[in-house]
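Student: Below is the file protein26.cif, which contains mmCIF, C-alpha atoms.
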```cif
data_coords
loop_
_atom_site.label_atom_id
_atom_site.label_comp_id
_atom_site.auth_asym_id
_atom_site.auth_seq_id
_atom_site.Cartn_x
_atom_site.Cartn_y
_atom_site.Cartn_z
CA MET A 16 -5.43 10.74 5.77
CA ILE A 17 -3.74 14.11 5.33
CA ALA A 18 -0.51 12.54 6.57
CA LEU A 19 -0.74 9.78 3.95
CA LEU A 20 -1.47 12.28 1.18
CA ARG A 21 1.44 14.46 2.25
CA ARG A 22 3.77 11.47 2.43
CA ASP A 23 2.80 10.20 -1.03
CA LEU A 24 3.26 13.66 -2.55
CA THR A 25 6.66 14.06 -0.82
CA LEU A 26 7.77 10.65 -2.07
CA ALA A 27 6.63 11.51 -5.61
CA VAL A 28 8.69 14.69 -5.86
CA ARG A 29 11.82 13.28 -4.20
CA ALA A 30 14.51 11.37 -6.06
CA GLY A 31 13.16 8.32 -7.84
CA GLY A 32 9.55 9.31 -7.25
CA GLY A 33 8.74 9.63 -10.93
CA PHE A 34 7.04 13.03 -10.74
CA GLY A 35 6.90 14.61 -14.21
CA LEU A 36 7.50 11.32 -16.03
CA GLY A 37 3.88 11.27 -17.18
CA VAL A 38 4.03 14.80 -18.57
CA ALA A 39 7.34 14.09 -20.31
CA PHE A 40 5.82 11.01 -21.92
CA PHE A 41 2.76 13.03 -22.96
CA LEU A 42 5.02 15.68 -24.53
CA ILE A 43 7.06 13.14 -26.47
CA LEU A 44 3.94 11.41 -27.76
CA CYS A 45 2.35 14.70 -28.91
CA ALA A 46 5.64 15.80 -30.47
CA LEU A 47 6.08 12.51 -32.35
CA VAL A 48 2.62 12.40 -33.91
CA PRO A 49 3.25 15.32 -36.36
CA PHE A 50 6.40 13.53 -37.50
CA GLY A 51 4.37 10.41 -38.15
CA VAL A 52 1.34 11.80 -39.94
CA GLY A 53 2.84 14.99 -41.40
CA PRO A 54 2.66 18.53 -40.11
CA ASP A 55 -0.33 19.85 -42.12
CA THR A 56 -3.41 21.05 -40.26
CA ALA A 57 -5.80 19.04 -42.43
CA ALA A 58 -4.23 15.79 -41.24
CA LEU A 59 -3.62 16.72 -37.61
CA GLN A 60 -6.74 18.59 -36.61
CA PRO A 61 -9.24 15.70 -36.94
CA ILE A 62 -7.07 13.31 -34.90
CA ALA A 63 -5.88 15.82 -32.27
CA PRO A 64 -8.63 15.07 -29.68
CA GLY A 65 -8.01 11.34 -29.91
CA ILE A 66 -4.22 11.72 -29.68
CA LEU A 67 -4.47 14.03 -26.68
CA TRP A 68 -6.77 11.69 -24.80
CA LEU A 69 -4.76 8.59 -25.72
CA GLY A 70 -1.61 10.36 -24.57
CA ALA A 71 -3.22 11.28 -21.25
CA LEU A 72 -4.43 7.72 -20.83
CA LEU A 73 -1.03 6.12 -21.49
CA ALA A 74 0.83 8.71 -19.42
CA CYS A 75 -1.53 7.92 -16.56
CA LEU A 76 -0.85 4.21 -16.96
CA LEU A 77 2.91 4.68 -16.56
CA SER A 78 2.80 5.38 -12.84
CA LEU A 79 -0.20 3.23 -11.86
CA ASP A 80 1.70 0.18 -10.67
CA ARG A 81 3.51 2.31 -8.11
CA ILE A 82 0.28 3.14 -6.25
CA PHE A 83 0.36 0.04 -4.06
CA ALA A 84 3.32 -2.07 -5.22
CA LEU A 85 5.99 -0.03 -3.42
CA ASP A 86 4.02 0.03 -0.18
CA HIS A 87 3.47 -3.70 -0.48
CA GLU A 88 7.18 -4.40 -0.99
CA ASP A 89 8.41 -2.49 2.05
CA GLY A 90 5.63 -3.67 4.37
CA SER A 91 3.89 -0.30 4.68
CA LEU A 92 0.68 -1.76 3.27
CA ASP A 93 0.47 -4.31 6.12
CA LEU A 94 0.98 -1.51 8.61
CA LEU A 95 -1.60 0.73 6.92
CA ALA A 96 -4.07 -2.17 7.04
CA THR A 97 -3.59 -2.46 10.82
CA SER A 98 -3.72 1.32 11.35
CA PRO A 99 -6.83 3.27 12.40
CA LEU A 100 -7.12 4.55 8.83
CA PRO A 101 -9.81 2.57 6.95
CA LEU A 102 -8.36 0.81 3.92
CA GLU A 103 -11.07 2.41 1.77
CA GLY A 104 -9.79 5.83 2.86
CA ALA A 105 -6.21 4.83 2.13
CA VAL A 106 -7.24 3.77 -1.40
CA ALA A 107 -9.04 7.07 -2.01
CA VAL A 108 -6.10 9.11 -0.70
CA LYS A 109 -3.56 7.20 -2.76
CA ALA A 110 -5.69 7.61 -5.89
CA LEU A 111 -5.94 11.33 -5.13
CA ALA A 112 -2.16 11.53 -4.73
CA HIS A 113 -1.77 9.76 -8.07
CA TRP A 114 -4.15 12.24 -9.71
CA ILE A 115 -2.30 15.25 -8.24
CA THR A 116 1.11 13.97 -9.37
CA THR A 117 0.00 12.66 -12.80
CA GLY A 118 -3.44 13.93 -13.83
CA LEU A 119 -3.10 17.54 -12.76
CA PRO A 120 0.22 18.22 -14.59
CA LEU A 121 -1.32 16.61 -17.71
CA ILE A 122 -4.30 18.95 -17.56
CA LEU A 123 -2.13 22.02 -17.07
CA SER A 124 0.16 21.13 -19.97
CA ALA A 125 -2.55 19.88 -22.37
CA PRO A 126 -3.36 23.30 -24.00
CA LEU A 127 0.30 23.66 -24.99
CA PHE A 128 0.39 20.17 -26.46
CA GLY A 129 -2.91 20.92 -28.23
CA ILE A 130 -1.09 23.64 -30.15
CA LEU A 131 1.49 21.08 -31.30
CA LEU A 132 -1.39 19.13 -32.82
CA HIS A 133 -3.04 22.19 -34.43
CA LEU A 134 -6.03 22.07 -32.12
CA PRO A 135 -8.11 25.23 -32.77
CA ALA A 136 -8.43 27.75 -29.96
CA ASN A 137 -12.17 27.15 -29.50
CA ALA A 138 -11.44 23.51 -28.62
CA ILE A 139 -9.08 24.37 -25.75
CA PRO A 140 -11.81 25.00 -23.11
CA PRO A 141 -13.60 21.67 -23.83
CA LEU A 142 -10.18 19.96 -23.78
CA LEU A 143 -9.45 21.32 -20.31
CA VAL A 144 -12.93 20.56 -18.95
CA SER A 145 -12.96 17.03 -20.37
CA LEU A 146 -9.53 16.25 -18.87
CA LEU A 147 -10.49 17.81 -15.55
CA LEU A 148 -13.63 15.69 -15.36
CA GLY A 149 -12.18 12.53 -16.90
CA THR A 150 -8.71 12.07 -15.39
CA PRO A 151 -9.94 11.42 -11.80
CA ALA A 152 -11.74 8.36 -13.21
CA LEU A 153 -8.44 7.22 -14.78
CA SER A 154 -6.69 7.42 -11.39
CA MET A 155 -9.51 5.67 -9.55
CA LEU A 156 -9.85 2.82 -12.08
CA GLY A 157 -6.06 2.53 -12.07
CA ALA A 158 -6.03 2.26 -8.27
CA PHE A 159 -8.47 -0.64 -8.57
CA GLY A 160 -6.22 -2.37 -11.12
CA ALA A 161 -3.19 -1.75 -8.91
CA ALA A 162 -4.99 -3.21 -5.91
CA VAL A 163 -5.93 -6.35 -7.85
CA THR A 164 -2.38 -6.92 -9.14
CA VAL A 165 -0.46 -5.93 -5.99
CA GLY A 166 2.11 -8.52 -4.99
CA LEU A 167 2.36 -10.08 -8.45
CA ARG A 168 5.73 -10.22 -10.14
CA ARG A 169 5.66 -8.18 -13.36
CA GLY A 170 2.15 -7.06 -12.41
CA GLY A 171 2.49 -3.88 -14.47
CA LEU A 172 1.69 -5.55 -17.78
CA LEU A 173 -1.30 -7.39 -16.35
CA LEU A 174 -2.40 -4.10 -14.82
CA SER A 175 -2.42 -2.45 -18.25
CA LEU A 176 -4.47 -5.29 -19.72
CA LEU A 177 -6.98 -5.03 -16.88
CA VAL A 178 -7.27 -1.27 -16.76
CA LEU A 179 -7.18 -0.14 -20.40
CA PRO A 180 -10.57 -1.70 -21.32
CA LEU A 181 -12.09 0.09 -18.31
CA TYR A 182 -10.79 3.38 -19.72
CA ILE A 183 -12.81 3.04 -22.95
CA PRO A 184 -15.95 4.98 -21.84
CA THR A 185 -13.86 7.87 -20.53
CA LEU A 186 -11.86 7.91 -23.77
CA ILE A 187 -14.98 7.91 -25.95
CA PHE A 188 -16.77 10.73 -24.15
CA GLY A 189 -13.57 12.74 -23.58
CA THR A 190 -12.66 12.83 -27.27
CA GLU A 191 -16.30 13.34 -28.29
CA MET A 192 -16.49 16.41 -26.09
CA ILE A 193 -13.38 17.98 -27.64
CA ARG A 194 -14.55 17.12 -31.17
CA ARG A 195 -17.92 18.74 -30.59
CA GLY A 196 -16.21 21.78 -29.10
CA GLN A 197 -13.97 21.94 -32.17
CA GLU A 198 -17.00 21.93 -34.48
CA GLY A 199 -18.89 24.41 -32.30
CA GLY A 200 -21.55 21.88 -31.29
CA ALA A 201 -23.22 21.32 -27.92
CA THR A 202 -20.89 19.59 -25.44
CA ALA A 203 -23.40 19.01 -22.63
CA THR A 204 -24.11 15.32 -23.33
CA PRO A 205 -20.52 13.99 -23.33
CA LEU A 206 -19.75 16.32 -20.41
CA LEU A 207 -22.52 14.79 -18.32
CA PHE A 208 -21.46 11.26 -19.26
CA LEU A 209 -17.84 12.01 -18.31
CA ALA A 210 -18.92 13.49 -14.99
CA GLY A 211 -21.21 10.53 -14.37
CA ILE A 212 -18.46 7.96 -15.02
CA THR A 213 -16.09 9.82 -12.71
CA ALA A 214 -18.71 10.16 -9.97
CA GLY A 215 -19.47 6.45 -10.25
CA THR A 216 -15.82 5.43 -9.92
CA LEU A 217 -15.35 7.79 -6.97
CA ALA A 218 -18.26 6.13 -5.20
CA VAL A 219 -17.51 2.47 -5.94
CA ILE A 220 -13.76 2.04 -6.44
CA PRO A 221 -12.55 2.71 -2.86
CA PHE A 222 -14.64 -0.22 -1.62
CA ALA A 223 -13.79 -2.52 -4.52
CA ALA A 224 -10.06 -1.76 -4.33
CA ALA A 225 -9.97 -2.14 -0.53
CA ALA A 226 -11.67 -5.55 -0.86
CA ALA A 227 -9.08 -6.59 -3.46
CA LEU A 228 -6.26 -5.41 -1.19
CA ARG A 229 -7.61 -7.43 1.75
CA VAL A 230 -7.62 -10.56 -0.39
CA ASN A 231 -4.08 -9.88 -1.59
CA LEU A 232 -2.74 -9.22 1.92
CA ARG A 233 -3.83 -12.66 3.14
CA MET B 1 -10.46 -8.54 31.14
CA SER B 2 -7.72 -9.93 28.95
CA LEU B 3 -6.33 -7.93 26.07
CA LEU B 4 -6.28 -10.89 23.74
CA SER B 5 -7.95 -14.25 23.98
CA VAL B 6 -7.50 -16.91 21.35
CA HIS B 7 -9.69 -19.98 21.43
CA ASP B 8 -9.20 -23.18 19.42
CA LEU B 9 -7.66 -21.24 16.54
CA SER B 10 -6.68 -22.80 13.22
CA VAL B 11 -4.69 -20.86 10.66
CA ALA B 12 -3.73 -21.64 7.07
CA ARG B 13 -1.05 -20.46 4.72
CA GLY B 14 -1.37 -20.89 0.97
CA GLY B 15 -4.54 -22.93 1.45
CA LEU B 16 -2.92 -25.51 3.79
CA ARG B 17 -3.59 -25.58 7.51
CA THR B 18 -0.43 -25.05 9.49
CA LEU B 19 -1.68 -24.84 13.07
CA SER B 20 -4.90 -26.00 14.68
CA GLY B 21 -6.40 -25.95 18.16
CA VAL B 22 -4.24 -23.10 19.53
CA SER B 23 -5.67 -21.41 22.64
CA PHE B 24 -4.11 -18.80 24.90
CA THR B 25 -4.95 -15.55 26.66
CA LEU B 26 -2.83 -12.48 27.16
CA ASP B 27 -3.53 -9.98 29.94
CA ALA B 28 -2.23 -6.46 30.40
CA GLY B 29 1.40 -6.50 31.50
CA GLN B 30 2.08 -9.96 30.06
CA ALA B 31 4.25 -11.17 27.23
CA LEU B 32 3.91 -14.48 25.42
CA ILE B 33 6.77 -15.90 23.41
CA LEU B 34 5.95 -18.27 20.54
CA ARG B 35 8.44 -20.99 19.72
CA GLY B 36 8.46 -23.71 17.14
CA PRO B 37 10.41 -25.00 14.16
CA ASN B 38 10.57 -23.07 10.88
CA GLY B 39 7.43 -23.29 8.82
CA ILE B 40 5.13 -24.30 11.65
CA GLY B 41 3.06 -21.14 11.19
CA LYS B 42 4.33 -18.57 13.71
CA THR B 43 4.14 -15.72 11.18
CA THR B 44 0.75 -16.91 9.95
CA LEU B 45 -0.55 -16.99 13.53
CA LEU B 46 0.75 -13.46 14.17
CA ARG B 47 -0.78 -12.13 10.92
CA THR B 48 -4.09 -13.71 11.87
CA VAL B 49 -4.01 -12.10 15.33
CA ALA B 50 -3.12 -8.76 13.73
CA GLY B 51 -6.21 -9.10 11.51
CA LEU B 52 -4.33 -9.25 8.21
CA GLN B 53 -5.94 -12.59 7.38
CA GLY B 54 -8.93 -14.46 8.68
CA PRO B 55 -8.79 -17.59 10.87
CA VAL B 56 -9.80 -20.93 9.33
CA ALA B 57 -11.54 -21.94 12.55
CA GLY B 58 -11.74 -20.75 16.12
CA ARG B 59 -12.16 -17.34 17.73
CA ILE B 60 -9.94 -14.37 18.43
CA LYS B 61 -11.28 -11.85 20.95
CA ILE B 62 -9.49 -8.56 20.80
CA ALA B 63 -10.39 -4.90 21.18
CA ASP B 64 -10.64 -2.76 18.04
CA ASP B 65 -7.46 -0.95 17.05
CA ALA B 66 -5.37 -2.64 19.74
CA VAL B 67 -2.57 -4.14 17.65
CA ALA B 68 0.76 -2.67 16.61
CA TYR B 69 2.28 -5.15 14.17
CA ALA B 70 5.97 -5.41 13.31
CA ALA B 71 7.22 -8.04 10.89
CA HIS B 72 10.23 -8.75 8.70
CA ALA B 73 9.54 -5.68 6.54
CA ASP B 74 9.84 -2.45 8.49
CA GLY B 75 7.55 -0.29 6.33
CA LEU B 76 10.20 2.39 5.80
CA LYS B 77 10.47 4.78 2.88
CA GLY B 78 14.07 5.17 1.73
CA ALA B 79 13.51 8.69 0.39
CA LEU B 80 12.24 9.98 3.76
CA SER B 81 14.49 10.75 6.72
CA VAL B 82 14.38 8.78 9.97
CA ALA B 83 12.37 11.54 11.68
CA GLU B 84 9.96 11.87 8.72
CA ASN B 85 9.32 8.13 8.65
CA LEU B 86 8.48 8.10 12.35
CA ALA B 87 6.42 11.31 12.16
CA PHE B 88 4.32 9.78 9.37
CA TRP B 89 3.44 6.68 11.39
CA ALA B 90 2.86 8.81 14.49
CA GLN B 91 0.29 10.87 12.54
CA VAL B 92 -1.40 7.81 11.03
CA PHE B 93 -1.68 6.09 14.42
CA GLY B 94 -2.74 9.24 16.25
CA GLY B 95 0.23 11.20 17.42
CA GLY B 96 2.95 9.54 19.50
CA ASP B 97 6.14 11.09 20.84
CA VAL B 98 8.62 10.97 17.92
CA ALA B 99 11.60 12.41 19.81
CA GLY B 100 11.05 10.03 22.72
CA ALA B 101 10.83 7.04 20.39
CA MET B 102 14.06 8.05 18.65
CA ALA B 103 15.81 8.39 22.00
CA ALA B 104 14.54 4.98 23.13
CA MET B 105 16.10 3.19 20.15
CA ASP B 106 19.21 5.44 19.98
CA LEU B 107 18.24 7.04 16.66
CA ALA B 108 18.51 10.72 17.62
CA ALA B 109 21.92 11.12 15.96
CA LEU B 110 20.51 9.68 12.71
CA SER B 111 17.29 11.68 12.62
CA ASP B 112 18.06 13.61 9.39
CA ARG B 113 19.53 10.70 7.51
CA PRO B 114 17.45 9.18 4.68
CA ALA B 115 16.22 5.73 5.65
CA ALA B 116 17.80 4.33 2.46
CA ALA B 117 21.25 5.15 3.92
CA LEU B 118 20.72 3.19 7.14
CA SER B 119 22.29 -0.19 7.86
CA ALA B 120 20.04 -3.23 8.29
CA GLY B 121 20.29 -3.02 12.08
CA GLN B 122 19.54 0.70 12.10
CA LYS B 123 16.51 0.13 9.88
CA ARG B 124 15.27 -2.50 12.27
CA ARG B 125 15.73 -0.11 15.20
CA LEU B 126 13.66 2.46 13.33
CA GLY B 127 11.01 -0.17 12.62
CA LEU B 128 10.84 -0.99 16.33
CA ALA B 129 10.74 2.69 17.36
CA ARG B 130 7.54 2.86 15.29
CA LEU B 131 5.89 0.65 17.93
CA LEU B 132 6.36 3.42 20.49
CA VAL B 133 4.73 6.12 18.35
CA ALA B 134 1.81 3.81 17.45
CA ARG B 135 0.70 3.80 21.11
CA ARG B 136 -1.19 0.52 20.83
CA PRO B 137 -1.57 -1.80 23.85
CA LEU B 138 -0.80 -5.10 22.09
CA TRP B 139 2.49 -5.48 20.25
CA VAL B 140 2.56 -8.36 17.77
CA LEU B 141 6.21 -8.92 16.90
CA ASP B 142 7.63 -11.31 14.33
CA GLU B 143 11.35 -11.96 14.93
CA PRO B 144 11.92 -8.41 16.23
CA THR B 145 15.65 -8.86 16.91
CA VAL B 146 16.78 -9.90 13.42
CA SER B 147 20.00 -8.03 12.50
CA LEU B 148 20.20 -6.21 15.88
CA ASP B 149 23.53 -6.18 17.77
CA ALA B 150 23.74 -7.20 21.43
CA ALA B 151 23.46 -3.62 22.74
CA SER B 152 20.37 -2.96 20.63
CA VAL B 153 18.76 -6.22 21.75
CA ALA B 154 19.26 -5.10 25.37
CA ARG B 155 17.83 -1.69 24.50
CA PHE B 156 14.83 -3.33 22.86
CA GLY B 157 14.40 -5.56 25.94
CA ASN B 158 14.20 -2.40 28.09
CA MET B 159 11.68 -0.86 25.71
CA LEU B 160 9.53 -4.03 25.93
CA ARG B 161 9.72 -4.11 29.74
CA GLY B 162 8.66 -0.45 29.83
CA HIS B 163 5.70 -1.23 27.56
CA LEU B 164 4.61 -4.14 29.76
CA ALA B 165 5.02 -2.06 32.93
CA GLN B 166 2.64 0.53 31.46
CA GLY B 167 -0.07 -2.11 31.06
CA GLY B 168 0.77 -3.20 27.53
CA ALA B 169 1.12 -6.74 26.27
CA ALA B 170 3.27 -8.42 23.65
CA LEU B 171 2.99 -11.52 21.50
CA ILE B 172 6.45 -12.34 20.17
CA ALA B 173 7.83 -14.97 17.84
CA THR B 174 11.53 -15.17 18.61
CA HIS B 175 14.29 -17.70 19.14
CA ILE B 176 16.55 -15.60 21.36
CA ASP B 177 16.28 -14.72 25.04
CA LEU B 178 15.07 -11.14 25.47
CA GLY B 179 15.54 -11.21 29.26
CA LEU B 180 11.79 -11.00 29.79
CA ASP B 181 9.75 -12.64 32.49
CA ALA B 182 7.45 -14.18 29.88
CA ARG B 183 5.51 -17.35 29.29
CA VAL B 184 6.68 -19.51 26.40
CA LEU B 185 4.22 -21.31 24.13
CA ASP B 186 5.73 -24.10 22.07
CA LEU B 187 3.61 -24.49 18.95
CA THR B 188 4.96 -27.94 17.97
CA PRO B 189 2.02 -29.89 19.51
CA PHE B 190 -0.45 -27.75 17.57
CA ARG B 191 0.88 -28.64 14.14
CA ALA B 192 -2.14 -29.36 11.93
CA LYS B 193 -2.74 -33.04 11.18
CA PRO B 194 -2.67 -33.82 7.48
CA SER B 195 -6.28 -34.02 6.41
CA THR B 196 -7.93 -35.55 3.37
CA ASP B 197 -7.14 -32.47 1.28
CA ALA B 198 -3.44 -32.65 2.10
CA PRO B 199 -1.10 -33.30 -0.82
CA PRO B 200 -0.33 -36.95 -1.59
CA ALA B 201 2.45 -38.63 0.40
CA GLY B 202 4.70 -38.85 -2.65
CA PHE B 203 4.71 -35.08 -2.84
CA ASN B 204 5.85 -34.77 0.78
CA GLU B 205 8.59 -37.34 0.34
CA ALA B 206 9.95 -35.60 -2.72
CA PHE B 207 10.32 -32.33 -0.82
CA ALA B 208 11.24 -33.70 2.62
#
```
Show the structure stored in the file as structure tokens.
Tutor:
Amino acid sequence: MIALLRRDLTLAVRAGGGFGLGVAFFLILCALVPFGVGPDTAALQPIAPGILWLGALLACLLSLDRIFALDHEDGSLDLLATSPLPLEGAVAVKALAHWITTGLPLILSAPLFGILLHLPANAIPPLLVSLLLGTPALSMLGAFGAAVTVGLRRGGLLLSLLVLPLYIPTLIFGTEMIRRGQEGGATATPLLFLAGITAGTLAVIPFAAAAALRVNLR
Amino acid sequence: MSLLSVHDLSVARGGLRTLSGVSFTLDAGQALILRGPNGIGKTTLLRTVAGLQGPVAGRIKIADDAVAYAAHADGLKGALSVAENLAFWAQVFGGGDVAGAMAAMDLAALSDRPAAALSAGQKRRLGLARLLVARRPLWVLDEPTVSLDAASVARFGNMLRGHLAQGGAALIATHIDLGLDARVLDLTPFRAKPSTDAPPAGFNEAFA
């Protein structure tokens, strides 16, 4: 499993791996919003949590179809399926690799992009915590979508249609947590919901995605 | 005890049965070569034996984690070097001898080259060297010699003989002579009879 994680991370940072694409997309989105709605704090501050979470969501989506599609094309997925590594473990490791290459850079850069959107300083800690708790669920749900659509031509669009509705709960509780932090309210409830959704996906998705992969390998 | 025993097996591709009633056994040290016209279901049979798809009917008796599968796609990552590709599969399959495998398929001089820069024959040699690092007793090979030159085919023949001599076995779909002392199974008599759910005759005529 460590070998697979190390290989996926190596492939992501080498030429054509797409590392940093998600963060660049996130930056452009957050930089464009002030041009669209105007640069005054009164307009930006209320929508900042939503924009940040939407940006994270869409940036995450960009690299999802690569999770299994590339391995399917070059035959690695067949070989992984016949290897001693359980397919459930392979799914979990590949989702983890996706989170490290996409989710983690988003979290680290989010405070900076929050400033672009006039997010007050007291909302930065809830922003970080909500992303830290929420983005693993994005990667896991995305891995499930990627497993269902693997092998389809132009599967990326279908993948977005399948996965985006599943992202709704994470989006709702993620933005709610930042908004409450911004207003100085209690953030415990959305925090627990976010953590619960992520824990649920971590428990269920490896099995669901591995089952989908087995069907698609037939 | 035999490494692989297949009894009255039927396999299907795309929902249509291709082969039915196939039975054979494979003991340690033996190789079995599958022959048959294109489209009869050699690849489907091999994928079924490798466990990538389920049989429609019949039984396959095989030990857990016994199969090393090699098909048309070699499972190589273009951004990784030859040595890195092999080392990855060696780790996943539990640590084979990477340097020895590269020597066996004459890849040592290419070890630092990215797999994307290899020729088709060199890629295939790398794909076959993976069998050595996987250290599995049963090799399931689908057209292993595609795009290999004569010297590499001979080299691969030696590698196969070495594997069989060490108590391994191989199930191979190929149309060329590998210089092996192997049984040949012609699949033509096992072609599935069109059943009631087969497409109408007009369909077959149009695409004959």
Student: Applied to the shown file, which residues does the PyMOL selection byres ((chain B and resi 113-120) around 9) return, written as a CSV table (one decimal) with C-alpha atoms, keeping the file's coordinate frame?
Tutor:
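Done, and the output landed in expr.csv:
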```
chain,number,residue,atom,x,y,z
B,76,LEU,CA,10.2,2.4,5.8
B,77,LYS,CA,10.5,4.8,2.9
B,78,GLY,CA,14.1,5.2,1.7
B,79,ALA,CA,13.5,8.7,0.4
B,80,LEU,CA,12.2,10.0,3.8
B,81,SER,CA,14.5,10.8,6.7
B,82,VAL,CA,14.4,8.8,10.0
B,83,ALA,CA,12.4,11.5,11.7
B,84,GLU,CA,10.0,11.9,8.7
B,85,ASN,CA,9.3,8.1,8.6
B,109,ALA,CA,21.9,11.1,16.0
B,110,LEU,CA,20.5,9.7,12.7
B,111,SER,CA,17.3,11.7,12.6
B,112,ASP,CA,18.1,13.6,9.4
B,121,GLY,CA,20.3,-3.0,12.1
B,122,GLN,CA,19.5,0.7,12.1
B,123,LYS,CA,16.5,0.1,9.9
B,124,ARG,CA,15.3,-2.5,12.3
B,125,ARG,CA,15.7,-0.1,15.2
B,126,LEU,CA,13.7,2.5,13.3
B,147,SER,CA,20.0,-8.0,12.5
B,148,LEU,CA,20.2,-6.2,15.9
```
Student: Once the PyMOL selection byres ((chain B) within 10 of (chain A)) is applied to the coordinates I shared, what remains selected? I want it as a VMD selection string.
Tutor: chain B and resid 12 to 14 44 47 to 48 50 to 54 64 to 80 84 to 85 87 to 94 134 136
Student: Interatomic distance between CA of Leu67 in chain A and CA of Pro180 in chain A?
Tutor: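 For CA of Leu67 in chain A relative to CA of Pro180 in chain A, the distance reads 17.7 Å.
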Student: Which residues, named as in the file, does the PyMOL selection byres ((chain A and resi 136-152) around 8) pick out? Answer as JSON, numbers by chain.
Tutor: {"A": [64, 68, 111, 114, 118, 119, 122, 125, 126, 129, 134, 135, 153, 154, 155, 156, 185, 189, 192, 193, 194, 196, 197, 199, 202, 206, 209, 210, 212, 213, 214, 216, 217]}
Student: Distance CA of Leu160 in chain B-CA of Leu180 in chain B, one decimal place?
Tutor: 8.3 Å
Student: Calculate, to one decimal in Å, the centre and edge lengths of the box along x, y and z of the file that holds all listed atoms of range 73-79 of chain A with 3 Å of margin on each side, and present them as AutoDock Vina command-line options.
Tutor:
```
--center_x 0.7 --center_y 6.0 --center_z -16.7 --size_x 10.4 --size_y 11.5 --size_z 15.6
```
Student: Just give me the gap between CA of Val38 in chain A and CA of Leu177 in chain A in Å, one decimal is fine.
Tutor: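 We find that CA of Val38 in chain A and CA of Leu177 in chain A lie 22.7 Å from each other.
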Student: Counting all atoms listed in the file, figure out which residue out of B:Ala154, B:Met105, B:Ala63, B:Ala57 gets nearest to Asp177 in chain B.
Tutor: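 Using all atoms listed in the file, Asp177 in chain B sits closest to B:Ala154.
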Student: Select, from B:Leu4, B:Leu26, B:Ile40, B:Ile62, the residue with the minimum atom-to-atom distance to Thr188 in chain B, counting all atoms listed in the file.
Tutor: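 Of all the options, B:Ile40 lies closest to Thr188 in chain B.
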Student: List as an MDAnalysis selection string the residues having at least one atom at most 12 Å from position (-8.3, -21.9, 22.2) as given in the file, counting all atoms listed in the file.
Tutor: chainID B and resid 4:10 19:26 57:61 190
Student: For a quick check of your reading of the model, name the residues lying within 12 Å of the coordinate (3.9, -0.8, 23.5), counting all atoms listed in the file, and write them as a VMD selection string.
Tutor: chain B and resid 28 to 31 66 to 70 96 101 128 to 141 156 to 171
Student: With all atoms listed in the file as the basis for distance, which of A:Gln60, A:Ser175, A:Tyr182, A:Ala225 is at the shortest distance from Glu198 in chain A?
Tutor: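 Once distances to Glu198 in chain A are computed over all atoms listed in the file, the minimum belongs to A:Gln60.
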Student: Which one of A:Ala227, A:Leu123, A:Ile220, A:Leu132 sits closest to Pro49 in chain A if you count only C-alpha atoms?
Tutor: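 Among the listed residues, the smallest separation from Pro49 in chain A belongs to A:Leu132.
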Student: With a distance cut-off of 7 Å and all atoms listed in the file, select the neighbouring residues of range 32-35 of chain B, excluding the residue or stretch itself and same-chain residues fewer than 6 positions from it, and output the selection as a PDB file with C-alpha atoms, in the coordinates of the input.
Tutor:
```
ATOM      1  CA  ALA B 170       3.270  -8.420  23.650  1.00  0.00           C
ATOM      2  CA  LEU B 171       2.990 -11.520  21.500  1.00  0.00           C
ATOM      3  CA  ILE B 172       6.450 -12.340  20.170  1.00  0.00           C
ATOM      4  CA  ALA B 173       7.830 -14.970  17.840  1.00  0.00           C
ATOM      5  CA  THR B 174      11.530 -15.170  18.610  1.00  0.00           C
ATOM      6  CA  HIS B 175      14.290 -17.700  19.140  1.00  0.00           C
ATOM      7  CA  ALA B 182       7.450 -14.180  29.880  1.00  0.00           C
ATOM      8  CA  ARG B 183       5.510 -17.350  29.290  1.00  0.00           C
ATOM      9  CA  VAL B 184       6.680 -19.510  26.400  1.00  0.00           C
ATOM     10  CA  LEU B 185       4.220 -21.310  24.130  1.00  0.00           C
ATOM     11  CA  ASP B 186       5.730 -24.100  22.070  1.00  0.00           C
ATOM     12  CA  LEU B 187       3.610 -24.490  18.950  1.00  0.00           C
TER      13      LEU B 187
END
```
Student: Go through A:Leu59, A:Asp23, A:Leu72, A:Ala158 one by one, measure the shortest atom-to-atom distance of each to Val106 in chain A using only C-alpha atoms, and give the residue with the smallest value.
Tutor: A:Ala158
